[in-house]
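A.B. asks: Sending over protein-v5.cif (mmCIF, C-alpha atoms).
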```cif
data_my_file
loop_
_atom_site.group_PDB
_atom_site.id
_atom_site.type_symbol
_atom_site.label_atom_id
_atom_site.label_comp_id
_atom_site.auth_asym_id
_atom_site.auth_seq_id
_atom_site.Cartn_x
_atom_site.Cartn_y
_atom_site.Cartn_z
ATOM 1 C CA MET A 1 0.000 0.000 0.000
ATOM 2 C CA PHE A 2 1.075 3.566 -0.687
ATOM 3 C CA ARG A 3 -0.164 5.634 2.239
ATOM 4 C CA SER A 4 1.747 8.854 1.619
ATOM 5 C CA PHE A 5 2.502 10.993 -1.407
ATOM 6 C CA PRO A 6 6.277 10.388 -1.169
ATOM 7 C CA ALA A 7 5.652 6.634 -1.057
ATOM 8 C CA LEU A 8 3.488 6.847 -4.172
ATOM 9 C CA ARG A 9 6.097 8.905 -6.008
ATOM 10 C CA GLN A 10 8.810 6.450 -5.032
ATOM 11 C CA ALA A 11 6.728 3.530 -6.314
ATOM 12 C CA LEU A 12 6.341 5.192 -9.695
ATOM 13 C CA SER A 13 10.104 5.625 -9.970
ATOM 14 C CA ARG A 14 10.411 1.823 -9.984
ATOM 15 C CA MET A 15 6.982 0.912 -11.331
ATOM 16 C CA GLU A 16 8.264 -2.018 -13.388
ATOM 17 C CA GLN A 17 9.345 -3.780 -10.177
ATOM 18 C CA ILE A 18 6.196 -3.204 -8.114
ATOM 19 C CA GLU A 19 4.251 -6.327 -7.167
ATOM 20 C CA PRO A 20 0.436 -6.169 -7.138
ATOM 21 C CA VAL A 21 -0.781 -4.360 -4.021
ATOM 22 C CA GLU A 22 -4.118 -3.366 -2.553
ATOM 23 C CA SER A 23 -5.178 0.250 -2.894
ATOM 24 C CA ALA A 24 -4.993 2.091 0.418
ATOM 25 C CA ALA A 25 -7.447 4.670 -0.942
ATOM 26 C CA ALA A 26 -10.016 2.044 -1.916
ATOM 27 C CA ALA A 27 -9.866 0.489 1.541
ATOM 28 C CA PHE A 28 -9.958 3.917 3.195
ATOM 29 C CA GLU A 29 -13.049 4.960 1.273
ATOM 30 C CA GLY A 30 -14.920 1.865 2.421
ATOM 31 C CA ALA A 31 -16.123 3.747 5.512
ATOM 32 C CA ASP A 32 -17.204 7.323 6.173
ATOM 33 C CA LEU A 33 -15.037 9.760 8.086
ATOM 34 C CA VAL A 34 -16.380 11.878 10.927
ATOM 35 C CA PRO A 35 -17.152 15.476 9.829
ATOM 36 C CA ALA A 36 -13.938 16.808 11.411
ATOM 37 C CA TYR A 37 -11.840 14.825 8.935
ATOM 38 C CA ALA A 38 -14.182 14.830 5.924
ATOM 39 C CA VAL A 39 -12.540 16.885 3.152
ATOM 40 C CA PRO A 40 -14.656 17.725 0.059
ATOM 41 C CA GLY A 41 -12.894 16.763 -3.137
ATOM 42 C CA ASP A 42 -15.180 18.264 -5.745
ATOM 43 C CA GLY A 43 -13.958 21.852 -5.478
ATOM 44 C CA CYS A 44 -10.857 23.677 -6.663
ATOM 45 C CA VAL A 45 -7.351 23.003 -5.356
ATOM 46 C CA GLU A 46 -7.481 25.950 -2.946
ATOM 47 C CA GLU A 47 -10.772 24.832 -1.380
ATOM 48 C CA GLU A 48 -9.584 21.271 -0.858
ATOM 49 C CA ALA A 49 -6.246 22.439 0.549
ATOM 50 C CA LYS A 50 -7.983 24.723 3.057
ATOM 51 C CA ALA A 51 -10.308 21.963 4.277
ATOM 52 C CA LEU A 52 -7.429 19.485 4.367
ATOM 53 C CA ALA A 53 -5.303 21.829 6.482
ATOM 54 C CA ALA A 54 -8.165 22.192 8.980
ATOM 55 C CA ALA A 55 -8.576 18.413 9.252
ATOM 56 C CA VAL A 56 -4.855 17.793 9.688
ATOM 57 C CA ALA A 57 -4.686 20.534 12.332
ATOM 58 C CA ILE A 58 -7.184 18.594 14.447
ATOM 59 C CA LEU A 59 -5.246 15.371 13.945
ATOM 60 C CA ALA A 60 -1.976 17.099 14.872
ATOM 61 C CA GLU A 61 -3.426 18.576 18.068
ATOM 62 C CA ARG A 62 -4.637 15.161 19.186
ATOM 63 C CA THR A 63 -1.281 13.640 18.293
ATOM 64 C CA VAL A 64 0.708 16.084 20.416
ATOM 65 C CA ARG A 65 -1.816 15.905 23.287
ATOM 66 C CA LEU A 66 -1.419 12.129 23.299
ATOM 67 C CA GLU A 67 1.711 12.438 25.434
ATOM 68 C CA MET A 68 -0.365 13.878 28.284
ATOM 69 C CA VAL A 69 -3.191 11.327 28.189
ATOM 70 C CA TYR A 70 -1.499 8.126 27.063
ATOM 71 C CA GLU A 71 -1.090 6.855 30.608
ATOM 72 C CA GLN A 72 -4.842 7.079 31.221
ATOM 73 C CA TRP A 73 -5.623 4.498 28.510
ATOM 74 C CA GLN A 74 -5.187 0.897 29.616
ATOM 75 C CA PRO A 75 -4.655 -0.221 26.898
ATOM 76 C CA PHE A 76 -4.459 2.701 24.490
ATOM 77 C CA GLU A 77 -7.144 2.643 21.763
ATOM 78 C CA PRO A 78 -6.287 4.882 18.789
ATOM 79 C CA GLY A 79 -9.762 4.570 17.256
ATOM 80 C CA PRO A 80 -11.756 6.249 20.031
ATOM 81 C CA TYR A 81 -8.936 8.670 20.816
ATOM 82 C CA PHE A 82 -8.497 9.972 17.259
ATOM 83 C CA ASP A 83 -12.204 9.480 16.436
ATOM 84 C CA LEU A 84 -11.503 6.994 13.630
ATOM 85 C CA CYS A 85 -13.262 3.749 12.769
ATOM 86 C CA PRO A 86 -11.236 0.492 12.900
ATOM 87 C CA SER A 87 -10.638 0.327 9.139
ATOM 88 C CA HIS A 88 -9.301 3.887 9.094
ATOM 89 C CA VAL A 89 -7.091 3.270 12.123
ATOM 90 C CA ALA A 90 -5.489 0.275 10.394
ATOM 91 C CA LEU A 91 -4.607 2.429 7.386
ATOM 92 C CA ILE A 92 -3.773 5.826 8.797
ATOM 93 C CA CYS A 93 -2.193 5.039 12.174
ATOM 94 C CA ASP A 94 0.960 3.151 13.169
ATOM 95 C CA LEU A 95 1.666 3.126 16.909
ATOM 96 C CA GLU A 96 4.445 1.244 18.632
ATOM 97 C CA GLU A 97 5.991 1.146 22.085
ATOM 98 C CA ARG A 98 9.752 0.916 21.712
ATOM 99 C CA GLY A 99 11.477 0.388 25.019
ATOM 100 C CA SER A 100 10.980 3.615 26.955
ATOM 101 C CA LEU A 101 9.412 5.495 24.014
ATOM 102 C CA VAL A 102 6.074 5.620 22.190
ATOM 103 C CA HIS A 103 6.224 6.261 18.450
ATOM 104 C CA VAL A 104 3.118 7.215 16.480
ATOM 105 C CA ARG A 105 2.927 7.871 12.743
ATOM 106 C CA LEU A 106 -0.243 9.150 11.036
ATOM 107 C CA TYR A 107 -0.540 9.062 7.248
ATOM 108 C CA ALA A 108 -2.544 12.259 6.956
ATOM 109 C CA ASP A 109 -2.185 12.402 3.146
ATOM 110 C CA LEU A 110 -4.998 9.844 3.085
ATOM 111 C CA LEU A 111 -7.400 12.575 4.211
ATOM 112 C CA SER A 112 -6.946 14.244 0.805
ATOM 113 C CA PRO A 113 -9.469 13.117 -1.852
ATOM 114 C CA SER A 114 -7.001 14.155 -4.567
ATOM 115 C CA PHE A 115 -4.268 11.963 -3.141
ATOM 116 C CA ARG A 116 -6.662 9.046 -2.833
ATOM 117 C CA ALA A 117 -7.790 9.515 -6.442
ATOM 118 C CA ALA A 118 -4.184 9.429 -7.653
ATOM 119 C CA GLU A 119 -3.243 6.433 -5.503
ATOM 120 C CA ARG A 120 -6.325 4.457 -6.448
ATOM 121 C CA PHE A 121 -5.936 5.068 -10.184
ATOM 122 C CA CYS A 122 -2.257 4.155 -9.959
ATOM 123 C CA VAL A 123 -2.853 0.871 -8.121
ATOM 124 C CA GLU A 124 -6.056 -0.262 -9.807
ATOM 125 C CA GLN A 125 -5.454 0.841 -13.401
ATOM 126 C CA PHE A 126 -2.001 2.217 -14.185
ATOM 127 C CA LEU A 127 0.214 -0.455 -12.613
ATOM 128 C CA PRO A 128 -1.844 -3.364 -14.032
ATOM 129 C CA ILE A 129 -1.365 -1.879 -17.513
ATOM 130 C CA VAL A 130 2.383 -1.596 -16.866
ATOM 131 C CA ARG A 131 2.532 -5.263 -15.890
ATOM 132 C CA ALA A 132 0.390 -6.299 -18.864
ATOM 133 C CA SER A 133 2.630 -4.419 -21.276
ATOM 134 C CA GLN A 134 5.562 -6.447 -20.010
ATOM 135 C CA ALA A 135 4.010 -9.873 -19.611
ATOM 136 C CA ASP A 136 1.547 -10.166 -22.497
ATOM 137 C CA VAL A 137 2.288 -11.887 -25.790
ATOM 138 C CA PRO A 138 4.437 -9.799 -28.176
ATOM 139 C CA LEU A 139 1.534 -9.034 -30.503
ATOM 140 C CA ARG A 140 -0.438 -7.381 -27.692
ATOM 141 C CA ARG A 141 2.430 -5.485 -26.073
ATOM 142 C CA ALA A 142 2.134 -2.669 -28.580
ATOM 143 C CA THR A 143 -1.547 -2.291 -27.725
ATOM 144 C CA TRP A 144 -0.820 -2.136 -24.004
ATOM 145 C CA ALA A 145 2.065 0.287 -24.554
ATOM 146 C CA HIS A 146 -0.246 2.584 -26.509
ATOM 147 C CA GLU A 147 -2.868 2.357 -23.745
ATOM 148 C CA LEU A 148 -0.187 3.151 -21.166
ATOM 149 C CA HIS A 149 1.297 6.208 -22.866
ATOM 150 C CA GLU A 150 -1.764 7.659 -24.552
ATOM 151 C CA ARG A 151 -4.410 7.221 -21.853
ATOM 152 C CA ALA A 152 -3.231 5.916 -18.473
ATOM 153 C CA TRP A 153 -0.127 8.033 -17.958
ATOM 154 C CA PRO A 154 -1.729 11.397 -18.851
ATOM 155 C CA ILE A 155 -4.617 10.681 -16.443
ATOM 156 C CA LEU A 156 -2.276 9.653 -13.644
ATOM 157 C CA GLN A 157 -0.004 12.634 -14.260
ATOM 158 C CA GLU A 158 -2.945 15.015 -13.979
ATOM 159 C CA ARG A 159 -4.062 13.439 -10.703
ATOM 160 C CA LEU A 160 -0.545 13.466 -9.284
ATOM 161 C CA ILE A 161 -0.135 17.142 -10.086
ATOM 162 C CA ARG A 162 -3.402 18.041 -8.352
ATOM 163 C CA ALA A 163 -2.584 15.895 -5.309
ATOM 164 C CA GLU A 164 0.820 17.518 -4.986
ATOM 165 C CA GLN A 165 -0.668 21.003 -5.267
ATOM 166 C CA VAL A 166 -3.315 20.263 -2.628
ATOM 167 C CA ILE A 167 -0.855 18.779 -0.137
ATOM 168 C CA ASP A 168 1.719 21.491 -0.773
ATOM 169 C CA GLN A 169 -0.821 24.267 -0.212
ATOM 170 C CA ALA A 170 -2.145 22.599 2.941
ATOM 171 C CA VAL A 171 1.400 22.388 4.306
ATOM 172 C CA ASP A 172 1.997 26.058 3.473
ATOM 173 C CA SER A 173 -1.245 27.044 5.168
ATOM 174 C CA LEU A 174 -0.319 25.270 8.400
ATOM 175 C CA THR A 175 3.293 26.413 8.509
ATOM 176 C CA GLN A 176 2.572 30.033 7.600
ATOM 177 C CA ALA A 177 -0.129 30.137 10.269
ATOM 178 C CA GLY A 178 2.437 28.911 12.778
ATOM 179 C CA HIS A 179 0.310 25.953 13.848
ATOM 180 C CA VAL A 180 2.398 24.720 16.759
ATOM 181 C CA SER A 181 1.016 21.174 17.029
ATOM 182 C CA PHE A 182 1.511 20.562 13.326
ATOM 183 C CA MET A 183 5.059 21.924 13.398
ATOM 184 C CA VAL A 184 5.901 19.700 16.375
ATOM 185 C CA ALA A 185 4.440 16.534 14.852
ATOM 186 C CA TRP A 186 5.100 17.130 11.140
ATOM 187 C CA GLY A 187 7.098 14.158 9.865
ATOM 188 C CA ALA A 188 7.842 15.139 6.266
ATOM 189 C CA ALA A 189 11.602 14.734 6.571
ATOM 190 C CA GLU A 190 11.282 11.335 8.253
ATOM 191 C CA GLU A 191 8.731 10.082 5.714
ATOM 192 C CA ARG A 192 10.909 11.145 2.792
ATOM 193 C CA ARG A 193 13.959 9.463 4.330
ATOM 194 C CA ARG A 194 11.927 6.309 4.858
ATOM 195 C CA THR A 195 10.349 6.106 1.391
ATOM 196 C CA SER A 196 12.338 8.234 -1.048
ATOM 197 C CA PRO A 197 15.622 9.541 0.387
ATOM 198 C CA ARG A 198 16.338 11.721 -2.641
ATOM 199 C CA GLY A 199 12.783 12.885 -3.180
ATOM 200 C CA ARG A 200 11.202 16.221 -2.339
ATOM 201 C CA ALA A 201 7.546 15.222 -2.563
ATOM 202 C CA PRO A 202 5.350 17.107 -0.061
ATOM 203 C CA THR A 203 3.490 15.233 2.641
ATOM 204 C CA LEU A 204 1.288 15.874 5.667
ATOM 205 C CA THR A 205 2.443 12.719 7.439
ATOM 206 C CA LEU A 206 2.688 13.183 11.208
ATOM 207 C CA ASP A 207 5.505 11.492 13.117
ATOM 208 C CA PHE A 208 5.670 11.935 16.885
ATOM 209 C CA THR A 209 7.700 10.255 19.634
ATOM 210 C CA PHE A 210 7.313 10.738 23.377
ATOM 211 C CA PRO A 211 8.432 8.978 26.574
ATOM 212 C CA LEU A 212 6.454 5.958 27.648
ATOM 213 C CA PRO A 213 4.789 6.723 31.015
ATOM 214 C CA LEU A 214 6.687 5.179 33.908
ATOM 215 C CA SER A 215 3.666 3.138 34.959
ATOM 216 C CA ARG A 216 3.651 1.443 31.540
ATOM 217 C CA ARG A 217 7.297 0.463 31.506
ATOM 218 C CA HIS A 218 7.540 -3.273 32.152
ATOM 219 C CA HIS A 219 11.111 -3.142 33.448
ATOM 220 C CA ARG A 220 10.200 -0.392 35.936
ATOM 221 C CA ARG A 221 7.283 -2.398 37.276
ATOM 222 C CA GLU A 222 9.631 -5.332 37.783
ATOM 223 C CA VAL A 223 12.125 -3.131 39.675
ATOM 224 C CA LEU A 224 9.340 -1.801 41.915
ATOM 225 C CA ARG A 225 8.049 -5.323 42.539
ATOM 226 C CA ARG A 226 11.495 -6.503 43.636
ATOM 227 C CA ARG A 227 11.948 -3.517 45.931
ATOM 228 C CA LEU A 228 8.629 -4.250 47.625
ATOM 229 C CA GLN A 229 9.627 -7.898 48.094
ATOM 230 C CA LEU A 230 12.927 -6.874 49.701
ATOM 231 C CA ARG A 231 11.211 -4.410 52.039
ATOM 232 C CA ARG A 232 8.652 -7.047 53.008
ATOM 233 C CA ALA A 233 11.357 -9.659 53.627
ATOM 234 C CA ALA A 234 13.284 -7.188 55.802
ATOM 235 C CA GLY A 235 10.186 -6.443 57.857
ATOM 236 C CA ARG A 236 10.222 -2.835 56.775
ATOM 237 C CA PRO A 237 7.025 -0.868 56.042
ATOM 238 C CA LEU A 238 5.959 -0.981 52.409
ATOM 239 C CA LEU A 239 5.194 2.737 52.420
ATOM 240 C CA ARG A 240 7.481 5.405 53.767
ATOM 241 C CA ARG A 241 6.127 8.260 55.864
ATOM 242 C CA SER A 242 6.318 11.623 54.181
ATOM 243 C CA GLY A 243 8.329 14.378 55.866
ATOM 244 C CA PRO A 244 11.238 14.006 58.294
ATOM 245 C CA GLU A 245 11.427 10.694 60.095
ATOM 246 C CA ARG A 246 10.916 10.746 63.874
ATOM 247 C CA PRO A 247 13.888 9.587 65.962
ATOM 248 C CA ARG A 248 13.598 6.021 67.199
ATOM 249 C CA ARG A 249 13.234 5.292 70.926
ATOM 250 C CA THR A 250 16.167 3.497 72.534
ATOM 251 C CA ASP A 251 15.914 0.852 75.282
ATOM 252 C CA SER A 252 16.861 3.507 77.880
ATOM 253 C CA GLY A 253 13.914 5.629 76.784
ATOM 254 C CA GLU A 254 16.089 8.407 75.471
#
```
Would it be possible to restate this file's structure as structure tokens?

C.D. replies:
Amino acid sequence: MFRSFPALRQALSRMEQIEPVESAAAAFEGADLVPAYAVPGDGCVEEEAKALAAAVAILAERTVRLEMVYEQWQPFEPGPYFDLCPSHVALICDLEERGSLVHVRLYADLLSPSFRAAERFCVEQFLPIVRASQADVPLRRATWAHELHERAWPILQERLIRAEQVIDQAVDSLTQAGHVSFMVAWGAAEERRRTSPRGRAPTLTLDFTFPLPLSRRHHRREVLRRRLQLRRAAGRPLLRRSGPERPRRTDSGE
């Protein structure tokens, strides 16, 4: 699946090697988004970019706020927290606890109808034609090549250009407005390094890492458990009194 614009661009740079994949956009559009994330795709580039920036701003605020509330979820459920249905969570959200850190990545490009249109056309129509033009019998290769260059590629190119314009303008809108949560969580550099190290494709992907709460760290719980066992074995109180300790009485009563 290609869940970000840089990933889609990178796939097209090696399209002859791409194995058949499922369309992330097709799966994403199988369920409705809540109004906060629903971006109309039937308007001009500027209108879509404005609505997309507003939706990503909400997602970014919840992403950054996650550090403060993560400990309260036992276990953490990204669906209810981000207000996403299970199918959307599986596509847009990757969350992992790594040692003492929590890493969350949100593929916010999927909120753009223009990006989804480009990704879906690429996966469902363009790439199958590329494979057919390579694998079909010699007499039909010319037909597939004509279909590829005269119809499929111009359509895909048009959709890619619009998707790039929409995402680029949404990024500009958020950065020029100084949206703090977006700037903190914006993971464009990381996403480009991960998918296309030499590429410059714009993306709204969010990438945020924060410390795992102490109460959720398995090794810390084990340390605390051992300390309690040692205190119990030594006959010492399990809880210490707060404030200065009172001097102990001696046998002489002093």

A.B. asks: Enumerate, as a list in words, the residues matched when the PyMOL selection byres ((chain A and resi 99-112) around 6) is run on the file above.

C.D. replies: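 Selected by the PyMOL selection byres ((chain A and resi 99-112) around 6) here: Ser4, Ile92, Cys93, Asp94, Leu95, Glu96, Glu97, Arg98, Pro113, Ser114, Phe115, Leu204, Thr205, Leu206, Asp207, Phe208, Thr209, Phe210, Pro211 and Leu212 of chain A.
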
A.B. asks: If the PyMOL selection byres ((chain A and resi 118) around 8) were run on this exact file, what residues would it hold? Put them as a ChimeraX atom specification.

C.D. replies: /A:114-117,119-122,156,159-160,163

A.B. asks: Just the residues within 8 Å of segment 31-33 of chain A, please, counting only C-alpha atoms, with nothing from its chain fewer than 6 positions along; format it as an mmCIF file with C-alpha atoms, in the coordinates of the input.

C.D. replies:
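Writing done, so here's around-v1.cif:
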```cif
data_model
loop_
_atom_site.group_PDB
_atom_site.id
_atom_site.type_symbol
_atom_site.label_atom_id
_atom_site.label_comp_id
_atom_site.auth_asym_id
_atom_site.auth_seq_id
_atom_site.Cartn_x
_atom_site.Cartn_y
_atom_site.Cartn_z
ATOM 1 C CA LEU A 84 -11.503 6.994 13.630
ATOM 2 C CA CYS A 85 -13.262 3.749 12.769
ATOM 3 C CA SER A 87 -10.638 0.327 9.139
ATOM 4 C CA HIS A 88 -9.301 3.887 9.094
#
```

A.B. asks: I'd like to see the residues matched by the PyMOL selection byres ((chain A and resi 44-53) around 8) on this file, and ideally I'd get them as a list in words.

C.D. replies: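 In the shown coordinates, the PyMOL selection byres ((chain A and resi 44-53) around 8) covers Tyr37, Val39, Pro40, Gly41, Asp42, Gly43, Ala54, Ala55, Val56, Ala57, Leu111, Ser112, Arg162, Gln165, Val166, Ile167, Gln169, Ala170, Val171, Ser173 and Leu174 of chain A.
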
A.B. asks: Counting only C-alpha atoms, which residue out of A:Ala145, A:Val69, A:Phe182, A:Leu91 sits closest to Gly30 of chain A?

C.D. replies: A:Leu91

A.B. asks: Calculate how many Å separate atom CA of Gln10 of chain A from atom CA of Glu191 of chain A, rounding to one decimal.

C.D. replies: 11.3 Å
